[in-house]
Structures are given as C-alpha cells and as structure tokens.
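Below is entry.txt, which holds compact mmCIF, C-alpha atoms.
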# COMPACT_ATOMS: atom_id res chain seq x y z
CA TYR A 4 11.36 -24.24 21.00
CA GLY A 5 14.71 -22.66 21.57
CA GLY A 6 14.03 -19.33 19.91
CA ALA A 7 12.76 -16.97 22.57
CA PRO A 8 15.21 -15.64 25.13
CA GLY A 9 13.90 -16.02 28.64
CA GLY A 10 11.28 -18.59 27.57
CA PRO A 11 7.53 -18.14 27.10
CA ALA A 12 5.74 -15.26 28.77
CA PHE A 13 2.86 -17.21 30.25
CA PRO A 14 2.09 -20.80 31.16
CA GLY A 15 0.73 -22.90 28.33
CA GLN A 16 2.31 -20.73 25.70
CA ALA A 17 5.12 -23.23 25.18
CA GLN A 18 2.58 -25.95 24.46
CA ASP A 19 0.98 -23.90 21.73
CA PRO A 20 2.41 -25.15 18.43
CA LEU A 21 2.07 -21.68 16.96
CA TYR A 22 4.42 -20.34 19.58
CA GLY A 23 7.26 -22.32 18.08
CA TYR A 24 6.98 -20.58 14.74
CA PHE A 25 6.55 -17.20 16.38
CA ALA A 26 9.44 -17.53 18.81
CA ALA A 27 11.76 -18.69 16.07
CA VAL A 28 11.55 -15.30 14.35
CA ALA A 29 10.63 -12.84 17.11
CA GLY A 30 13.43 -10.74 18.56
CA GLN A 31 14.16 -9.68 22.11
CA ASP A 32 11.03 -7.57 22.22
CA GLY A 33 8.69 -10.50 21.50
CA GLN A 34 7.31 -8.70 18.47
CA ILE A 35 7.44 -9.47 14.76
CA ASP A 36 7.55 -7.05 11.86
CA ALA A 37 6.50 -7.62 8.25
CA ASP A 38 9.73 -9.38 7.23
CA GLU A 39 9.58 -11.70 10.22
CA LEU A 40 5.89 -12.38 9.68
CA GLN A 41 6.62 -13.37 6.12
CA ARG A 42 9.25 -15.85 7.27
CA CYS A 43 7.04 -17.13 10.04
CA LEU A 44 4.03 -17.75 7.83
CA THR A 45 6.15 -19.41 5.16
CA GLN A 46 7.75 -21.77 7.67
CA SER A 47 4.45 -22.62 9.27
CA GLY A 48 3.06 -23.82 5.97
CA ILE A 49 -0.26 -22.05 6.47
CA ALA A 50 -0.39 -21.42 2.75
CA GLY A 51 -0.44 -25.18 2.23
CA ALA A 52 0.13 -25.97 -1.40
CA TYR A 53 -0.20 -22.30 -2.31
CA LYS A 54 2.62 -19.86 -2.74
CA PRO A 55 2.97 -17.90 0.48
CA PHE A 56 2.75 -14.23 1.08
CA ASN A 57 4.63 -11.33 -0.38
CA LEU A 58 5.92 -8.57 1.86
CA GLU A 59 3.18 -6.05 1.05
CA THR A 60 0.51 -8.57 2.06
CA CYS A 61 2.33 -9.18 5.33
CA ARG A 62 2.45 -5.45 5.94
CA LEU A 63 -1.28 -5.27 5.35
CA MET A 64 -1.90 -8.13 7.75
CA ILE A 65 0.02 -6.38 10.48
CA SER A 66 -1.89 -3.13 10.02
CA MET A 67 -5.16 -5.07 10.32
CA LEU A 68 -4.36 -6.17 13.88
CA ASP A 69 -1.80 -3.65 15.01
CA ARG A 70 -3.83 -2.03 17.77
CA ASP A 71 -0.94 -0.27 19.46
CA MET A 72 0.20 1.12 16.11
CA SER A 73 3.70 -0.23 16.61
CA GLY A 74 3.97 -1.71 13.13
CA THR A 75 4.58 -5.10 14.75
CA LEU A 76 2.59 -8.01 16.18
CA GLY A 77 2.89 -9.67 19.55
CA PHE A 78 2.10 -13.35 20.02
CA ASN A 79 -1.60 -12.89 20.81
CA GLU A 80 -2.14 -10.70 17.78
CA PHE A 81 -0.28 -13.29 15.72
CA LYS A 82 -2.61 -16.03 16.99
CA GLU A 83 -5.61 -13.94 16.04
CA LEU A 84 -4.15 -13.37 12.58
CA TRP A 85 -3.56 -17.09 12.18
CA ALA A 86 -7.19 -17.91 12.95
CA VAL A 87 -8.51 -15.27 10.56
CA VAL A 88 -6.21 -16.27 7.70
CA ASN A 89 -7.08 -19.93 8.19
CA GLY A 90 -10.74 -19.08 7.87
CA TRP A 91 -10.15 -17.20 4.63
CA LYS A 92 -8.03 -20.03 3.35
CA GLN A 93 -10.86 -22.51 3.90
CA HIS A 94 -13.07 -20.31 1.75
CA PHE A 95 -10.47 -20.07 -0.96
CA VAL A 96 -9.88 -23.81 -1.00
CA SER A 97 -13.59 -24.47 -1.27
CA PHE A 98 -13.73 -22.32 -4.38
CA ASP A 99 -10.49 -23.42 -5.97
CA ASN A 100 -12.13 -26.51 -7.41
CA ASP A 101 -9.44 -27.33 -9.90
CA ARG A 102 -6.67 -26.85 -7.30
CA SER A 103 -4.95 -24.40 -9.57
CA GLY A 104 -4.02 -22.06 -6.72
CA THR A 105 -6.05 -19.30 -8.34
CA VAL A 106 -9.71 -18.33 -8.58
CA ASP A 107 -11.42 -16.41 -11.34
CA ARG A 108 -13.75 -13.42 -11.12
CA GLN A 109 -16.97 -15.34 -10.58
CA GLU A 110 -15.38 -17.50 -7.91
CA LEU A 111 -14.02 -14.43 -6.15
CA GLU A 112 -17.43 -12.78 -6.25
CA LYS A 113 -19.04 -15.86 -4.72
CA ALA A 114 -16.35 -16.16 -2.06
CA LEU A 115 -16.73 -12.52 -1.04
CA MET A 116 -20.49 -12.83 -0.88
CA ASN A 117 -20.14 -15.92 1.29
CA MET A 118 -17.99 -13.93 3.65
CA GLY A 119 -20.77 -11.42 3.96
CA PHE A 120 -19.47 -8.56 1.82
CA ARG A 121 -22.26 -6.94 -0.17
CA LEU A 122 -20.45 -5.42 -3.09
CA SER A 123 -21.78 -3.61 -6.11
CA PRO A 124 -20.79 -5.00 -9.55
CA GLN A 125 -18.67 -1.86 -9.96
CA ALA A 126 -16.75 -2.65 -6.77
CA VAL A 127 -16.24 -6.29 -7.76
CA THR A 128 -14.87 -5.21 -11.14
CA ALA A 129 -12.48 -2.81 -9.45
CA ILE A 130 -11.33 -5.48 -7.01
CA THR A 131 -10.75 -8.14 -9.63
CA ARG A 132 -8.90 -5.66 -11.81
CA ARG A 133 -6.63 -4.64 -8.94
CA TYR A 134 -5.92 -8.12 -7.65
CA SER A 135 -5.89 -10.32 -10.71
CA THR A 136 -3.13 -11.26 -13.10
CA ARG A 137 -4.57 -12.29 -16.48
CA GLY A 138 -8.02 -12.75 -15.03
CA LYS A 139 -6.88 -14.98 -12.18
CA ILE A 140 -6.53 -14.17 -8.48
CA THR A 141 -3.83 -15.95 -6.48
CA PHE A 142 -4.19 -17.00 -2.86
CA ASP A 143 -1.82 -14.24 -1.74
CA ASP A 144 -3.77 -11.55 -3.59
CA TYR A 145 -7.02 -12.97 -2.27
CA ILE A 146 -5.76 -12.65 1.29
CA ALA A 147 -4.60 -9.08 0.65
CA CYS A 148 -8.05 -8.30 -0.73
CA CYS A 149 -9.80 -9.82 2.32
CA VAL A 150 -7.61 -7.87 4.70
CA LYS A 151 -8.41 -4.59 2.97
CA LEU A 152 -12.14 -5.25 2.83
CA ARG A 153 -12.26 -6.32 6.45
CA ALA A 154 -10.31 -3.27 7.60
CA LEU A 155 -12.46 -0.90 5.54
CA THR A 156 -15.60 -2.50 6.93
CA GLU A 157 -14.34 -2.11 10.52
CA CYS A 158 -13.46 1.47 9.78
CA PHE A 159 -16.96 2.19 8.52
CA ARG A 160 -18.75 0.24 11.21
CA ARG A 161 -16.97 2.04 14.02
CA ARG A 162 -18.33 5.32 12.75
CA ASP A 163 -21.83 4.06 12.06
CA THR A 164 -23.00 4.73 15.60
CA SER A 165 -26.69 4.42 14.84
CA GLN A 166 -26.15 1.19 12.88
CA GLN A 167 -28.14 2.56 9.95
CA GLY A 168 -25.55 1.73 7.33
CA PHE A 169 -24.71 5.42 6.79
CA VAL A 170 -21.84 7.55 8.00
CA ASN A 171 -21.29 11.29 7.84
CA PHE A 172 -17.62 11.67 7.02
CA GLN A 173 -15.66 14.81 7.73
CA TYR A 174 -12.88 15.29 5.19
CA ASP A 175 -9.97 14.93 7.64
CA ASP A 176 -11.47 11.84 9.21
CA PHE A 177 -12.16 10.29 5.81
CA ILE A 178 -8.53 10.64 4.79
CA GLN A 179 -7.25 9.10 7.99
CA CYS A 180 -9.82 6.33 7.91
CA VAL A 181 -9.05 5.27 4.36
CA MET A 182 -5.29 5.61 4.59
CA SER A 183 -4.97 3.78 7.89
CA VAL A 184 -6.38 0.69 6.35
CA MET B 17 -16.59 26.62 1.55
CA ALA B 18 -14.13 23.77 1.95
CA ALA B 19 -10.74 24.18 0.38
CA TYR B 20 -8.97 20.98 -0.50
CA PRO B 21 -5.20 20.82 -0.03
CA GLY B 22 -2.65 19.16 -2.22
CA GLN B 23 -3.56 21.10 -5.34
CA GLY B 24 -0.01 22.21 -6.01
CA PHE B 25 1.52 18.73 -6.01
CA PRO B 26 3.83 17.77 -8.83
CA GLY B 27 1.70 16.05 -11.41
CA ALA B 28 2.24 13.83 -14.37
CA GLY B 29 1.79 16.73 -16.78
CA GLN B 30 4.25 19.26 -15.40
CA ALA B 31 7.78 19.43 -16.71
CA PRO B 32 10.47 21.81 -15.53
CA ALA B 33 13.74 20.32 -16.71
CA GLY B 34 16.43 19.77 -14.11
CA PRO B 35 19.42 17.77 -12.98
CA TYR B 36 18.57 14.17 -12.24
CA PRO B 37 18.76 12.89 -8.69
CA TYR B 38 20.37 9.55 -9.32
CA GLY B 39 23.05 8.66 -11.80
CA PRO B 40 22.23 6.02 -14.38
CA PRO B 41 23.11 2.50 -13.27
CA GLY B 42 26.68 1.65 -14.11
CA GLY B 43 27.92 5.06 -13.06
CA GLY B 44 27.07 7.47 -15.79
CA ALA B 45 27.40 6.38 -19.39
CA ALA B 46 27.99 9.11 -21.97
CA PRO B 47 24.76 10.82 -23.01
CA GLY B 48 23.08 8.69 -25.65
CA GLY B 49 23.03 9.96 -29.18
CA GLY B 50 19.76 9.55 -30.98
CA ALA B 51 17.39 10.37 -28.16
CA PRO B 52 13.81 10.70 -29.48
CA PRO B 53 12.46 14.28 -29.71
CA GLY B 54 11.34 15.62 -26.36
CA VAL B 55 13.41 13.10 -24.43
CA ASP B 56 16.39 14.24 -22.46
CA PRO B 57 19.59 12.44 -23.63
CA GLU B 58 20.46 11.44 -20.06
CA ALA B 59 17.00 9.96 -19.53
CA PHE B 60 17.36 8.16 -22.84
CA SER B 61 20.68 6.51 -22.01
CA TRP B 62 19.38 5.62 -18.58
CA PHE B 63 16.29 4.06 -20.13
CA GLN B 64 18.44 2.04 -22.50
CA ALA B 65 20.49 0.73 -19.58
CA VAL B 66 17.33 -0.40 -17.79
CA ASP B 67 15.65 -1.83 -20.89
CA ALA B 68 18.18 -4.64 -21.06
CA ASP B 69 16.29 -6.71 -23.63
CA ARG B 70 15.76 -3.66 -25.90
CA SER B 71 12.03 -4.26 -26.00
CA GLY B 72 11.34 -0.51 -25.98
CA SER B 73 9.41 -0.69 -22.72
CA ILE B 74 10.16 -1.51 -19.10
CA SER B 75 8.17 -3.39 -16.49
CA ALA B 76 7.54 -2.38 -12.88
CA LYS B 77 10.22 -4.88 -11.88
CA GLU B 78 12.82 -3.28 -14.18
CA LEU B 79 11.76 0.16 -13.06
CA LYS B 80 12.32 -0.88 -9.48
CA GLN B 81 15.98 -1.61 -10.21
CA ALA B 82 16.45 1.84 -11.68
CA LEU B 83 15.15 3.88 -8.76
CA VAL B 84 16.88 4.11 -5.39
CA ASN B 85 16.29 5.94 -2.14
CA SER B 86 18.96 7.86 -0.26
CA ASN B 87 19.66 4.76 1.82
CA TRP B 88 20.28 2.78 -1.37
CA SER B 89 17.14 0.69 -1.05
CA THR B 90 15.29 0.27 -4.33
CA PHE B 91 11.88 1.88 -4.65
CA ASN B 92 9.20 -0.36 -3.21
CA ASP B 93 6.81 -2.36 -5.42
CA GLU B 94 3.73 -0.31 -4.59
CA THR B 95 5.31 2.99 -5.59
CA CYS B 96 6.69 1.47 -8.81
CA LEU B 97 3.24 0.18 -9.68
CA LEU B 98 1.76 3.59 -8.95
CA MET B 99 4.30 5.17 -11.27
CA ILE B 100 3.72 2.73 -14.08
CA ASN B 101 0.00 3.48 -13.81
CA MET B 102 0.64 7.22 -13.88
CA PHE B 103 3.06 7.24 -16.78
CA ASP B 104 1.95 4.30 -18.87
CA LYS B 105 -0.15 5.84 -21.62
CA THR B 106 -0.54 2.52 -23.41
CA ARG B 107 -2.18 0.82 -20.40
CA SER B 108 0.05 -2.17 -21.02
CA GLY B 109 1.55 -2.25 -17.53
CA ARG B 110 4.89 -1.18 -19.01
CA MET B 111 6.54 2.19 -19.54
CA ASP B 112 8.13 3.52 -22.71
CA VAL B 113 10.96 6.04 -22.98
CA TYR B 114 8.60 9.05 -23.07
CA GLY B 115 6.89 7.92 -19.89
CA PHE B 116 10.25 7.27 -18.29
CA SER B 117 11.54 10.70 -19.21
CA ALA B 118 8.45 12.34 -17.72
CA LEU B 119 8.76 10.14 -14.64
CA LEU B 120 12.29 11.30 -13.94
CA ARG B 121 11.19 14.93 -14.01
CA PHE B 122 8.32 14.02 -11.71
CA ILE B 123 10.66 12.30 -9.24
CA GLN B 124 13.00 15.26 -9.27
CA GLN B 125 10.18 17.58 -8.28
CA TRP B 126 9.18 15.25 -5.48
CA LYS B 127 12.76 14.98 -4.35
CA SER B 128 12.92 18.76 -3.99
CA LEU B 129 9.80 18.72 -1.84
CA PHE B 130 11.20 15.83 0.17
CA GLN B 131 14.43 17.70 0.84
CA GLN B 132 12.44 20.73 1.91
CA TYR B 133 10.60 18.73 4.53
CA ASP B 134 13.66 16.77 5.64
CA ARG B 135 14.69 19.73 7.73
CA ASP B 136 17.65 18.08 9.44
CA GLN B 137 18.84 16.68 6.09
CA SER B 138 19.03 13.19 7.51
CA GLY B 139 17.94 11.62 4.21
CA SER B 140 14.63 10.49 5.66
CA ILE B 141 11.54 12.18 7.03
CA SER B 142 10.86 11.71 10.73
CA CYS B 143 7.47 11.67 12.41
CA SER B 144 7.61 15.33 13.37
CA GLU B 145 8.88 16.33 9.93
CA LEU B 146 5.98 14.43 8.38
CA GLN B 147 3.53 16.20 10.71
CA GLN B 148 5.01 19.51 9.60
CA ALA B 149 4.86 18.51 5.94
CA PHE B 150 1.17 17.63 6.16
CA SER B 151 0.44 20.86 7.92
CA GLN B 152 2.32 22.93 5.35
CA MET B 153 0.57 21.11 2.53
CA GLY B 154 -2.71 22.21 4.08
CA TYR B 155 -3.87 18.94 5.63
CA ASN B 156 -5.30 18.73 9.13
CA LEU B 157 -4.18 15.27 10.24
CA SER B 158 -3.61 13.92 13.74
CA PRO B 159 -0.15 13.10 15.15
CA GLN B 160 -1.38 9.49 15.56
CA PHE B 161 -1.84 9.31 11.83
CA SER B 162 1.76 10.32 11.16
CA GLN B 163 2.91 7.83 13.79
CA LEU B 164 0.93 5.10 12.10
CA LEU B 165 2.52 5.84 8.74
CA LEU B 166 5.98 5.82 10.30
CA ALA B 167 5.25 2.53 12.08
CA ARG B 168 4.11 1.01 8.84
CA TYR B 169 6.68 2.35 6.42
CA ALA B 170 9.87 3.26 8.25
CA GLN B 171 12.67 0.81 8.93
CA ARG B 172 12.87 -0.23 12.56
CA SER B 173 15.72 1.79 14.03
CA CYS B 174 16.37 4.35 16.73
CA ASN B 175 15.68 7.13 14.22
CA PRO B 176 12.90 5.81 12.04
CA GLY B 177 12.14 7.83 8.94
CA ILE B 178 10.26 7.68 5.66
CA GLN B 179 12.27 7.34 2.46
CA LEU B 180 11.50 9.15 -0.81
CA ASP B 181 9.55 6.26 -2.36
CA ARG B 182 7.10 6.02 0.55
CA PHE B 183 6.82 9.78 0.76
CA ILE B 184 5.74 9.90 -2.88
CA GLN B 185 3.32 7.04 -2.31
CA ILE B 186 1.77 8.69 0.75
CA CYS B 187 1.32 12.04 -0.99
CA MET B 188 -0.19 10.39 -4.05
CA GLN B 189 -2.63 8.52 -1.85
CA LEU B 190 -3.56 11.72 -0.04
CA GLN B 191 -4.29 13.26 -3.41
CA SER B 192 -6.43 10.41 -4.73
CA THR B 193 -8.32 10.13 -1.45
CA THR B 194 -9.00 13.87 -1.64
CA ASP B 195 -10.18 13.55 -5.24
CA ALA B 196 -12.55 10.73 -4.29
CA PHE B 197 -14.02 12.75 -1.43
CA ARG B 198 -14.33 15.93 -3.43
CA GLU B 199 -16.24 14.14 -6.15
CA LYS B 200 -18.95 13.36 -3.61
CA ASP B 201 -18.82 16.68 -1.83
CA THR B 202 -20.60 18.61 -4.57
CA GLY B 203 -21.52 21.43 -2.20
CA LEU B 204 -17.92 21.74 -1.02
CA VAL B 205 -18.95 21.62 2.62
CA GLY B 206 -16.16 19.30 3.72
CA ASN B 207 -18.61 16.62 4.74
CA VAL B 208 -20.26 13.69 2.92
CA ARG B 209 -22.86 11.13 3.89
CA LEU B 210 -21.99 7.71 2.57
CA SER B 211 -23.67 4.35 2.63
CA TYR B 212 -21.50 1.32 3.28
CA GLU B 213 -21.78 0.29 -0.37
CA ASP B 214 -20.82 3.74 -1.63
CA PHE B 215 -17.91 3.89 0.76
CA LEU B 216 -16.50 0.55 -0.31
CA THR B 217 -17.01 1.23 -4.01
CA MET B 218 -15.36 4.65 -3.72
CA VAL B 219 -12.29 3.35 -1.97
CA VAL B 220 -11.97 0.20 -4.01
CA THR B 221 -12.32 1.83 -7.41
CA ARG B 222 -9.82 4.54 -6.65
CA MET B 223 -7.41 3.28 -4.12
CA MET B 224 -7.15 -0.41 -3.66

As structure tokens, how would this structure be written, given the file I've shared?
Amino acid sequence: YGGAPGGPAFPGQAQDPLYGYFAAVAGQDGQIDADELQRCLTQSGIAGAYKPFNLETCRLMISMLDRDMSGTLGFNEFKELWAVVNGWKQHFVSFDNDRSGTVDRQELEKALMNMGFRLSPQAVTAITRRYSTRGKITFDDYIACCVKLRALTECFRRRDTSQQGFVNFQYDDFIQCVMSV
Amino acid sequence: MAAYPGQGFPGAGQAPAGPYPYGPPGGGAAPGGGAPPGVDPEAFSWFQAVDADRSGSISAKELKQALVNSNWSTFNDETCLLMINMFDKTRSGRMDVYGFSALLRFIQQWKSLFQQYDRDQSGSISCSELQQAFSQMGYNLSPQFSQLLLARYAQRSCNPGIQLDRFIQICMQLQSTTDAFREKDTGLVGNVRLSYEDFLTMVVTRMM
C-alpha cells in the first residue's frame, strides 16, 4: 500500500484491505473529498456490477458522516460509510431480481419499508419521481435516496427528545436542519 | 407575527432587461436575425449555439455547457436541473428558447446580488460574506451553517468560496424550505409541530 506518506496511523490499519483503497487517493492530510471518494469507491468495486457513483451522490455521502463539518472523510468515517453502503447494496441486490441494475417503484417501496422507513404514498411518489429515470431507479440514485432519508431521519430523531414521534420546529432550526442534510 | 425572509428574491416571473453576464460560446456571434417575439436577439443566438442539433429545446446537459462561473467552471448539475424545472413550462425536462431567454434575465439578477455580497470582489463568496448575505436577506442562521455550506460546496483552497451556481442553488433552497414551512405555519407564529411522517413528506415532496 504505497499511497500514504508516513505509513498508517495506527497498528492494524495496514492490514485492513479498505485502507489500501483509501490511502491510494487520500492526500497529505489523510482526508478524502468528494472527488477522491468517487475514485476510491469506483476502484474498490463496491458497486459490483452496477455503475458506480456520480459526484453529487459522493458529496451526499460525505455530508452524512462528516461530523467535523470539514467536507471530507477520514479513514474511520470512510470505513463506516463502506459498511452502511454495503448494507444498502445487499438490499438493492435482493430486490433487483432481473439483475437489470435498476428497480421499479414497487421494488423501491418494498426496499424502503424493509429498511424501516414508514413513508406515506405521497412521499413514495415524490421519491420515485425525483430519483427515477423513465420509471426506473438506478443503484446510484437508490444510494443517494437512502443517504437523504437516513440523514433526515437522524435530524428529526435528534430533536424528538421525548421520543413521541413529534417535533416542534422553530423556523430557523427547520431551515438549518433540512439544508444540512 | 413571524415575517419570512427571502420574499424579494429574483423569481421566474420578473424581467428587467439587462446586459448578459457571459458572452455566447464561441465569442460573440452577431445578434441573430429572426428572434421570436419577446426573445432578446442575443439570447436567441446564444440559444441557437447551444441547441446544436436544432431540436428547438435544450437538455440540462446542454444547458450546463452554456453557463459558467467566474472561475470558468460550468454550472453544476443540481443547479442546472433546478433551472430546467423552473423554466421548463412543458414539463419535458428540456428548455425552449422562451425559457432560456427568461433564465438569462434571472441569472443576471442573481449575478447582481452575488456581486453585492462578494464585498472584496474576489469572484466567490467567502464564509463571512455568506453570513452577511444571509443576515441581510433577513435569515437568522448560525455561523456553523455557513461553514457547513462552504465545506460542502467550495473548492478546497486557502481561500474557499462559493461560486455563482451554488449561491443560486442555496438561495433557491432557502426559499423552497421557507415556503414549505410557511404552508404549515398557518398562524404565522414561526413554529410548527410535525410528526415524522409529515416532516419526511414535506421535505421529500418539495426538496429532494
């Protein structure tokens, strides 16, 4: 793994196969931005037979895990992302019965429900409209959709202090909540 | 009574005429004869240059090639999509010459605003300039929020800044988020109680 100057930051990191992909694109600061993430994910083959991610999806993925708001991911955040995306991919694969690389509206609805999202028919329609091309949703779009839903759910849950499923939103907070996602 | 900011933003309907911010691709062809009524000749010739296959309409991809930021980067995909949605009356996902003409006026108005907030005239809006812009527009947003937007949308450099395309996108999102909130805040108290389902539906139908 010749990529990272100075070698791995902690013992065992060099043995981690993911570290190879990460180190190959990360710069001196040990962080990767959206462009680098795109390269990294493509090279790692996580998309399998599917077409890998466009830049906007990579940007979304970073914002999902970017706790220090740097716009970049360190290796641990990258590992977390990998695990999450792999999980979503398993779901997608299980629904993509004809191996077309796309799912249709009903399959998307089922997949989202399996992941635990309770969505109104209105919301599902809006999602499929936004993420589908000619009625089909690609793997990349599906991932982008999952990232958004997950981030929105976190956003809501953090504010639902009494765990009642309701939040009182102040206007300023609502804006920041929605637009940070 | 809550007052919602962003009311005075340039909108799809407004139309002061003005000089165009970017020359047509190819360095300024002579103004096209035969521009349709209501369409500026410069916009018309520009449209013709972009509509290479003469189909009479342009896609988001073609639009992207026509619009550049001050650092010569083309407008990003999200903003182009947003613009097609705003100016595509036919809901075909493509823009005709009338939409394009209106879009150019729209961009010019946004460019003026952008230049106003780019106080040091660097060609991009820094974190503090963005803070100031939000404040002047009437929003009450935290510095962390501006930092987050910069981290997400600015190029990594020693002087990170937001380009015109992202600035337009951010302001449009602020507006649609405000509209979504206001719809629920019937009493105009600046506060709404939302269930998880409502919240998701609201955001997804308007902003995803």

Could you tell me which residues of chain B sit within 10 Å of chain A when counting all atoms listed in the file, and give me the result as a PDB file with C-alpha atoms, keeping the file's coordinate frame?
ATOM      1  CA  ALA B  18     -14.130  23.770   1.950  1.00  0.00           C
ATOM      2  CA  TYR B  20      -8.970  20.980  -0.500  1.00  0.00           C
ATOM      3  CA  ASN B  92       9.200  -0.360  -3.210  1.00  0.00           C
ATOM      4  CA  ASP B  93       6.810  -2.360  -5.420  1.00  0.00           C
ATOM      5  CA  GLU B  94       3.730  -0.310  -4.590  1.00  0.00           C
ATOM      6  CA  TYR B 155      -3.870  18.940   5.630  1.00  0.00           C
ATOM      7  CA  ASN B 156      -5.300  18.730   9.130  1.00  0.00           C
ATOM      8  CA  LEU B 157      -4.180  15.270  10.240  1.00  0.00           C
ATOM      9  CA  SER B 158      -3.610  13.920  13.740  1.00  0.00           C
ATOM     10  CA  GLN B 160      -1.380   9.490  15.560  1.00  0.00           C
ATOM     11  CA  PHE B 161      -1.840   9.310  11.830  1.00  0.00           C
ATOM     12  CA  SER B 162       1.760  10.320  11.160  1.00  0.00           C
ATOM     13  CA  GLN B 163       2.910   7.830  13.790  1.00  0.00           C
ATOM     14  CA  LEU B 164       0.930   5.100  12.100  1.00  0.00           C
ATOM     15  CA  LEU B 165       2.520   5.840   8.740  1.00  0.00           C
ATOM     16  CA  LEU B 166       5.980   5.820  10.300  1.00  0.00           C
ATOM     17  CA  ALA B 167       5.250   2.530  12.080  1.00  0.00           C
ATOM     18  CA  ARG B 168       4.110   1.010   8.840  1.00  0.00           C
ATOM     19  CA  TYR B 169       6.680   2.350   6.420  1.00  0.00           C
ATOM     20  CA  ALA B 170       9.870   3.260   8.250  1.00  0.00           C
ATOM     21  CA  GLN B 171      12.670   0.810   8.930  1.00  0.00           C
ATOM     22  CA  ARG B 172      12.870  -0.230  12.560  1.00  0.00           C
ATOM     23  CA  ILE B 186       1.770   8.690   0.750  1.00  0.00           C
ATOM     24  CA  GLN B 189      -2.630   8.520  -1.850  1.00  0.00           C
ATOM     25  CA  LEU B 190      -3.560  11.720  -0.040  1.00  0.00           C
ATOM     26  CA  GLN B 191      -4.290  13.260  -3.410  1.00  0.00           C
ATOM     27  CA  SER B 192      -6.430  10.410  -4.730  1.00  0.00           C
ATOM     28  CA  THR B 193      -8.320  10.130  -1.450  1.00  0.00           C
ATOM     29  CA  THR B 194      -9.000  13.870  -1.640  1.00  0.00           C
ATOM     30  CA  ALA B 196     -12.550  10.730  -4.290  1.00  0.00           C
ATOM     31  CA  PHE B 197     -14.020  12.750  -1.430  1.00  0.00           C
ATOM     32  CA  ARG B 198     -14.330  15.930  -3.430  1.00  0.00           C
ATOM     33  CA  ASP B 201     -18.820  16.680  -1.830  1.00  0.00           C
ATOM     34  CA  VAL B 205     -18.950  21.620   2.620  1.00  0.00           C
ATOM     35  CA  GLY B 206     -16.160  19.300   3.720  1.00  0.00           C
ATOM     36  CA  ASN B 207     -18.610  16.620   4.740  1.00  0.00           C
ATOM     37  CA  VAL B 208     -20.260  13.690   2.920  1.00  0.00           C
ATOM     38  CA  ARG B 209     -22.860  11.130   3.890  1.00  0.00           C
ATOM     39  CA  LEU B 210     -21.990   7.710   2.570  1.00  0.00           C
ATOM     40  CA  SER B 211     -23.670   4.350   2.630  1.00  0.00           C
ATOM     41  CA  TYR B 212     -21.500   1.320   3.280  1.00  0.00           C
ATOM     42  CA  GLU B 213     -21.780   0.290  -0.370  1.00  0.00           C
ATOM     43  CA  ASP B 214     -20.820   3.740  -1.630  1.00  0.00           C
ATOM     44  CA  PHE B 215     -17.910   3.890   0.760  1.00  0.00           C
ATOM     45  CA  LEU B 216     -16.500   0.550  -0.310  1.00  0.00           C
ATOM     46  CA  THR B 217     -17.010   1.230  -4.010  1.00  0.00           C
ATOM     47  CA  MET B 218     -15.360   4.650  -3.720  1.00  0.00           C
ATOM     48  CA  VAL B 219     -12.290   3.350  -1.970  1.00  0.00           C
ATOM     49  CA  VAL B 220     -11.970   0.200  -4.010  1.00  0.00           C
ATOM     50  CA  THR B 221     -12.320   1.830  -7.410  1.00  0.00           C
ATOM     51  CA  ARG B 222      -9.820   4.540  -6.650  1.00  0.00           C
ATOM     52  CA  MET B 223      -7.410   3.280  -4.120  1.00  0.00           C
ATOM     53  CA  MET B 224      -7.150  -0.410  -3.660  1.00  0.00           C
TER      54      MET B 224
END

Counting only C-alpha atoms, what is within 8 Å of Ser142 of chain B, bar same-chain residues fewer than 4 positions away, as an MDAnalysis selection string? chainID B and resid 134 146 166 175:178

Atomic separation - atom CA of Asp38 of chain A relative to atom CA of Cys61 of chain A, Å: 7.6 Å

Atom CA of Lys77 of chain B to atom CA of Val55 of chain B, straight-line distance in Å: 22.2 Å

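When atom CA of Lys82 of chain A is paired with atom CA of Asn100 of chain A, their separation reads 28.2 Å.
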
Tell me, as a list in words, which residues lie within 12 Å of Gly90 of chain A, counting only C-alpha atoms; anything in the same chain fewer than 3 positions away does not count.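 Using only C-alpha atoms, the neighbours found are Ile49, Ala50, Glu83, Leu84, Trp85, Ala86, Val87, Gln93, His94, Phe95, Val96, Ser97, Ala114, Asn117, Met118, Ile146 and Cys149 of chain A.
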
Pick from B:Leu79, B:Ser117, B:Thr95, B:Thr106: nearest to Pro57 of chain B, with only C-alpha atoms counted?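 Under the stated criterion, the closest residue is B:Ser117.
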
Mind giving me the axis-aligned box for segment 105-122 of chain A with 5 Å on every side, centre plus edges in Å to one decimal, as lines of an AutoDock Vina configuration file?
center_x = -14.2
center_y = -12.4
center_z = -3.7
size_x = 26.2
size_y = 23.9
size_z = 25.3

Applying 8 Å and all atoms listed in the file, which residues near segment 137-139 of chain B remain after dropping the ones on its own chain fewer than 4 positions away? List them as a list in words.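 Using all atoms listed in the file, the neighbours found are Ser86, Asn87, Gln131 and Gln179 of chain B.
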